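So this one's work-v1.cif, mmCIF, C-alpha atoms:
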data_work
#
loop_
_atom_site.label_atom_id
_atom_site.label_comp_id
_atom_site.auth_asym_id
_atom_site.auth_seq_id
_atom_site.Cartn_x
_atom_site.Cartn_y
_atom_site.Cartn_z
CA GLY A 4 19.48 -6.10 14.56
CA GLN A 5 17.64 -6.91 17.72
CA GLN A 6 14.84 -9.45 17.37
CA VAL A 7 12.04 -10.55 19.61
CA MET A 8 9.85 -13.62 19.50
CA GLN A 9 6.24 -12.92 20.37
CA ILE A 10 3.76 -15.66 21.31
CA PRO A 11 1.09 -16.70 20.77
CA GLN A 12 0.35 -15.47 17.26
CA TYR A 13 -3.42 -15.69 17.85
CA GLN A 14 -5.59 -15.97 20.93
CA HIS A 15 -9.36 -16.30 21.01
CA VAL A 16 -11.10 -15.96 24.37
CA GLN A 17 -14.56 -15.69 25.79
CA GLU A 18 -15.39 -12.32 27.22
CA GLY A 19 -14.36 -12.29 30.87
CA GLU A 20 -11.44 -14.67 30.43
CA ASP A 21 -7.86 -13.56 30.96
CA PHE A 22 -5.28 -13.13 28.19
CA THR A 23 -1.49 -13.04 28.15
CA THR A 24 1.02 -12.39 25.39
CA TYR A 25 4.77 -12.84 25.74
CA CYS A 26 7.85 -11.37 24.15
CA ASN A 27 11.21 -13.10 24.40
CA SER A 28 14.69 -12.02 23.38
CA SER A 29 17.96 -13.93 23.30
CA THR A 30 19.83 -10.82 24.39
CA THR A 31 19.40 -8.34 27.20
CA LEU A 32 17.10 -5.48 26.33
CA SER A 33 17.56 -1.87 27.39
CA ASN A 34 13.80 -1.45 27.46
CA ILE A 35 10.65 -2.68 25.78
CA GLN A 36 7.53 -0.96 24.52
CA TRP A 37 4.01 -2.30 23.97
CA TYR A 38 1.58 -1.11 21.32
CA LYS A 39 -2.03 -1.98 20.48
CA GLN A 40 -3.49 -1.92 16.98
CA ARG A 41 -7.25 -2.16 16.61
CA PRO A 42 -8.57 -3.89 13.47
CA GLY A 43 -8.24 -1.46 10.57
CA GLY A 44 -6.39 1.02 12.76
CA HIS A 45 -2.84 2.05 13.50
CA PRO A 46 -0.53 1.09 16.38
CA VAL A 47 -1.00 3.09 19.56
CA PHE A 48 1.62 3.24 22.29
CA LEU A 49 0.60 1.61 25.57
CA ILE A 50 3.65 1.59 27.81
CA GLN A 51 7.42 1.38 28.11
CA LEU A 52 9.28 -0.81 30.60
CA VAL A 53 12.86 0.00 31.53
CA LYS A 54 13.83 -1.53 34.86
CA SER A 55 14.60 -5.16 35.61
CA GLY A 56 11.54 -6.85 37.15
CA GLU A 57 9.37 -3.81 36.52
CA VAL A 58 5.60 -4.24 36.77
CA LYS A 59 3.19 -1.58 35.57
CA LYS A 60 -0.58 -1.60 35.55
CA GLN A 61 -3.13 0.22 33.44
CA LYS A 62 -6.60 -0.69 34.67
CA ARG A 63 -7.03 -4.35 33.60
CA LEU A 64 -3.66 -4.49 31.82
CA THR A 65 -0.52 -5.62 33.64
CA PHE A 66 2.89 -5.31 32.01
CA GLN A 67 5.98 -7.09 33.30
CA PHE A 68 9.66 -6.89 32.41
CA GLY A 69 11.71 -9.94 33.33
CA GLU A 70 14.47 -9.85 35.91
CA ALA A 71 17.06 -10.58 33.23
CA LYS A 72 15.47 -8.01 30.89
CA LYS A 73 15.13 -10.65 28.19
CA ASN A 74 11.39 -11.14 28.29
CA SER A 75 8.20 -9.26 28.88
CA SER A 76 4.52 -10.01 29.17
CA LEU A 77 1.20 -8.24 28.82
CA HIS A 78 -1.68 -9.67 30.81
CA ILE A 79 -5.31 -8.59 30.47
CA THR A 80 -7.69 -9.52 33.26
CA ALA A 81 -11.34 -10.20 32.43
CA THR A 82 -11.19 -9.35 28.74
CA GLN A 83 -13.82 -7.17 27.12
CA THR A 84 -14.78 -6.82 23.47
CA THR A 85 -12.97 -3.48 23.44
CA ASP A 86 -9.70 -5.35 24.02
CA VAL A 87 -9.87 -6.85 20.51
CA GLY A 88 -6.81 -6.05 18.40
CA THR A 89 -3.19 -6.95 17.82
CA TYR A 90 -0.70 -6.36 20.62
CA PHE A 91 2.89 -5.71 19.60
CA CYS A 92 6.03 -5.52 21.65
CA ALA A 93 8.87 -3.38 20.30
CA VAL A 94 12.55 -3.11 21.16
CA ASN A 95 15.46 -0.96 20.11
CA SER A 96 17.22 -2.30 17.03
CA GLY A 97 20.59 -1.92 15.42
CA GLY A 98 22.20 -0.36 18.45
CA SER A 99 20.09 2.72 17.97
CA ASN A 100 17.82 4.32 20.52
CA TYR A 101 15.55 5.53 17.81
CA LYS A 102 14.75 2.54 15.65
CA LEU A 103 12.32 -0.04 16.87
CA THR A 104 11.94 -3.66 15.87
CA PHE A 105 8.41 -4.89 16.39
CA GLY A 106 7.43 -8.40 17.33
CA LYS A 107 5.04 -10.17 14.98
CA GLY A 108 2.16 -9.38 17.29
CA THR A 109 -0.57 -11.34 19.01
CA LEU A 110 -4.07 -11.02 17.57
CA LEU A 111 -6.67 -11.14 20.34
CA THR A 112 -10.29 -11.85 19.51
CA VAL A 113 -12.99 -11.83 22.16
CA ASN A 114 -16.27 -13.71 21.88
CA PRO A 115 -19.05 -11.74 23.60
CA GLU B 17 -4.11 11.79 20.29
CA ALA B 18 -0.97 12.48 18.26
CA ASP B 19 -1.00 15.07 15.47
CA ILE B 20 0.32 13.07 12.56
CA TYR B 21 -1.49 12.95 9.27
CA GLN B 22 -1.33 10.82 6.18
CA THR B 23 -2.90 11.33 2.79
CA PRO B 24 -4.44 9.75 0.93
CA ARG B 25 -6.03 7.24 3.29
CA TYR B 26 -6.85 4.91 0.40
CA LEU B 27 -5.32 4.76 -3.07
CA VAL B 28 -6.08 2.44 -5.95
CA ILE B 29 -3.77 2.92 -8.89
CA GLY B 30 -2.62 1.17 -12.03
CA THR B 31 0.76 -0.46 -12.60
CA GLY B 32 3.53 1.90 -13.67
CA LYS B 33 2.11 5.04 -12.12
CA LYS B 34 4.20 7.31 -9.95
CA ILE B 35 2.74 7.94 -6.51
CA THR B 36 3.61 10.01 -3.48
CA LEU B 37 2.27 9.21 -0.04
CA GLU B 38 2.16 12.25 2.22
CA CYS B 39 2.98 12.32 5.92
CA SER B 40 2.97 15.39 8.12
CA GLN B 41 3.28 15.95 11.85
CA THR B 42 2.74 19.10 13.85
CA MET B 43 4.57 17.99 17.00
CA GLY B 44 8.01 19.22 15.93
CA HIS B 45 9.44 15.70 16.18
CA ASP B 46 12.90 15.21 14.71
CA LYS B 47 12.54 11.53 13.95
CA MET B 48 10.13 10.12 11.40
CA TYR B 49 9.56 6.63 10.08
CA TRP B 50 7.80 4.71 7.33
CA TYR B 51 6.55 1.19 7.95
CA GLN B 52 4.98 -1.29 5.57
CA GLN B 53 2.35 -3.65 6.95
CA ASP B 54 0.33 -6.29 5.15
CA PRO B 55 -3.11 -7.06 6.69
CA GLY B 56 -2.77 -8.89 9.98
CA MET B 57 0.98 -9.03 9.68
CA GLU B 58 3.99 -7.48 11.37
CA LEU B 59 5.37 -3.99 10.87
CA HIS B 60 8.44 -3.62 8.67
CA LEU B 61 10.55 -0.46 8.84
CA ILE B 62 11.35 0.70 5.30
CA HIS B 63 12.69 4.25 5.84
CA TYR B 64 13.55 6.60 8.67
CA SER B 65 14.91 10.05 9.24
CA TYR B 66 16.69 11.64 12.18
CA GLY B 67 16.00 15.16 11.00
CA VAL B 68 16.02 17.53 8.03
CA ASN B 69 18.16 16.25 5.14
CA SER B 70 18.64 12.91 6.90
CA THR B 71 17.16 9.74 5.41
CA GLU B 72 18.11 6.12 5.94
CA LYS B 73 16.87 2.81 4.60
CA GLY B 74 15.12 0.55 7.06
CA ASP B 75 15.30 -3.15 7.75
CA LEU B 76 13.07 -4.16 4.83
CA SER B 77 14.30 -3.38 1.35
CA SER B 78 11.90 -1.13 -0.51
CA GLU B 79 11.83 0.37 -3.99
CA SER B 80 10.35 3.54 -2.56
CA THR B 81 12.29 6.70 -1.78
CA VAL B 82 11.78 9.41 0.83
CA SER B 83 12.82 12.99 1.41
CA ARG B 84 12.99 15.23 4.47
CA ILE B 85 13.24 18.84 3.43
CA ARG B 86 11.12 20.15 6.30
CA THR B 87 10.87 18.84 9.84
CA GLU B 88 7.15 18.30 9.64
CA HIS B 89 7.00 16.60 6.25
CA PHE B 90 8.23 13.11 5.23
CA PRO B 91 6.77 12.02 1.89
CA LEU B 92 7.30 8.59 0.37
CA THR B 93 7.48 8.14 -3.40
CA LEU B 94 7.15 5.14 -5.66
CA GLU B 95 8.39 5.96 -9.18
CA SER B 96 6.62 3.04 -10.82
CA ALA B 97 4.00 1.23 -8.79
CA ARG B 98 3.62 -2.54 -9.11
CA PRO B 99 1.08 -5.00 -7.66
CA SER B 100 3.77 -6.20 -5.22
CA HIS B 101 3.63 -2.73 -3.64
CA THR B 102 0.05 -3.32 -2.51
CA SER B 103 0.10 -2.91 1.26
CA GLN B 104 -0.60 -0.51 4.09
CA TYR B 105 1.99 2.21 4.66
CA LEU B 106 2.22 3.69 8.14
CA CYS B 107 4.10 6.86 9.00
CA ALA B 108 5.31 7.53 12.55
CA SER B 109 7.28 10.16 14.42
CA SER B 110 9.08 10.46 17.73
CA GLU B 111 10.96 13.07 19.70
CA PHE B 112 14.72 13.37 19.73
CA GLY B 113 16.07 12.37 23.09
CA GLY B 114 17.82 9.74 25.16
CA GLY B 115 16.41 6.26 25.59
CA SER B 116 13.64 4.74 23.53
CA ASP B 117 11.13 7.20 22.23
CA THR B 118 7.44 6.60 21.95
CA GLN B 119 6.41 6.42 18.33
CA TYR B 120 3.19 8.11 17.25
CA PHE B 121 1.58 6.61 14.18
CA GLY B 122 -0.54 8.19 11.50
CA PRO B 123 -3.74 6.51 10.30
CA GLY B 124 -1.97 4.86 7.36
CA THR B 125 -2.42 4.75 3.60
CA ARG B 126 -3.89 1.59 2.11
CA LEU B 127 -2.36 1.23 -1.34
CA THR B 128 -3.71 -1.12 -3.98
CA VAL B 129 -1.86 -1.44 -7.28
CA LEU B 130 -3.79 -3.12 -10.04
#

Can I see the file as structure tokens?
Amino acid sequence: GQQVMQIPQYQHVQEGEDFTTYCNSSTTLSNIQWYKQRPGGHPVFLIQLVKSGEVKKQKRLTFQFGEAKKNSSLHITATQTTDVGTYFCAVNSGGSNYKLTFGKGTLLTVNP
Amino acid sequence: EADIYQTPRYLVIGTGKKITLECSQTMGHDKMYWYQQDPGMELHLIHYSYGVNSTEKGDLSSESTVSRIRTEHFPLTLESARPSHTSQYLCASSEFGGGSDTQYFGPGTRLTVL
């Protein structure tokens, strides 16, 4: 099935610093989703990217889909303690539109 | 916030016991999923269903079984629990439709097998 490499595995920042996590695939993706999981919580959908080169913003979060649709990034500007959690990318797997394969996630911790 | 529920939230049980983890959603979604996740680790799909009477095994082999007799209900059963089954189990659902569908997750069941 489809696989994605997500880096870094961990990122610790000072509050106010920026943060970026990346997802990379060896094959062209039809789309990519991003989820956030707070410590002790469950994954919550953030956004879906579909178009080549697409850029979407949600307040301090900026999501990008690469031109070749093989990579994606999530960038957080001026992190806050509320941004703490694990950020997962997810892509369709096994040729199905309904199954998702999740990246291993990036755990973000923020020092106040 | 999505309407998907899991019970129990926490379960501590002895080896060899039979357990059923409940998952229900009130959104009328056709597709439902079970994931297994160890603390701080990635999500592994263990079962999914496209609709009533449809169940499929996921990417990670699991000794658990599932059933889908009603649209809203997707229970997971372990016939004989073992310590290796200790993990968090997350249920999710999504709508039937074209393209990728957003998955809505329940709060999870944290299972500990002694």

Next on the checklist: Show me, as a PyMOL selection string, every residue of chain A with an atom at most 9 Å from chain B, counting all atoms listed in the file.
Outcome noted: chain A and resi 4+33-36+42-48+50-51+89+91+94-95+99-108+110

Next on the checklist: List the spatial neighbours of segment 32-40 of chain B as an NGL selection string - criterion: any atom at most 10 Å away, all atoms listed in the file, same-chain residues fewer than 6 positions off excluded.
Outcome noted: :B and (19-25 or 48-50 or 80-82 or 86-99 or 105-109 or 122-125 or 127 or 129-130)

File of the preceding selection, C-alpha atoms, as a compact mmCIF listing (two decimals), in the frame of the given file:
# COMPACT_ATOMS: atom_id res chain seq x y z
CA ASP B 19 -1.00 15.07 15.47
CA ILE B 20 0.32 13.07 12.56
CA TYR B 21 -1.49 12.95 9.27
CA GLN B 22 -1.33 10.82 6.18
CA THR B 23 -2.90 11.33 2.79
CA PRO B 24 -4.44 9.75 0.93
CA ARG B 25 -6.03 7.24 3.29
CA MET B 48 10.13 10.12 11.40
CA TYR B 49 9.56 6.63 10.08
CA TRP B 50 7.80 4.71 7.33
CA SER B 80 10.35 3.54 -2.56
CA THR B 81 12.29 6.70 -1.78
CA VAL B 82 11.78 9.41 0.83
CA ARG B 86 11.12 20.15 6.30
CA THR B 87 10.87 18.84 9.84
CA GLU B 88 7.15 18.30 9.64
CA HIS B 89 7.00 16.60 6.25
CA PHE B 90 8.23 13.11 5.23
CA PRO B 91 6.77 12.02 1.89
CA LEU B 92 7.30 8.59 0.37
CA THR B 93 7.48 8.14 -3.40
CA LEU B 94 7.15 5.14 -5.66
CA GLU B 95 8.39 5.96 -9.18
CA SER B 96 6.62 3.04 -10.82
CA ALA B 97 4.00 1.23 -8.79
CA ARG B 98 3.62 -2.54 -9.11
CA PRO B 99 1.08 -5.00 -7.66
CA TYR B 105 1.99 2.21 4.66
CA LEU B 106 2.22 3.69 8.14
CA CYS B 107 4.10 6.86 9.00
CA ALA B 108 5.31 7.53 12.55
CA SER B 109 7.28 10.16 14.42
CA GLY B 122 -0.54 8.19 11.50
CA PRO B 123 -3.74 6.51 10.30
CA GLY B 124 -1.97 4.86 7.36
CA THR B 125 -2.42 4.75 3.60
CA LEU B 127 -2.36 1.23 -1.34
CA VAL B 129 -1.86 -1.44 -7.28
CA LEU B 130 -3.79 -3.12 -10.04

Next on the checklist: One decimal, in Å: what's the spacing between atom CA of Val28 of chain B and atom CA of Gly88 of chain A?
Outcome noted: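 Atom-to-atom, atom CA of Val28 of chain B and atom CA of Gly88 of chain A are spaced 25.8 Å apart.
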
Checklist entry - Evaluating the PyMOL selection byres ((chain A and resi 30) around 10) on the displayed file yields which residues, as a count of residues only? => result 13

Checklist entry - Taking the file as shown, what set of residues would the PyMOL selection byres ((chain A and resi 62-67) around 8) give back, as a PyMOL selection string? => result chain A and resi 52+56-61+68-69+75-81
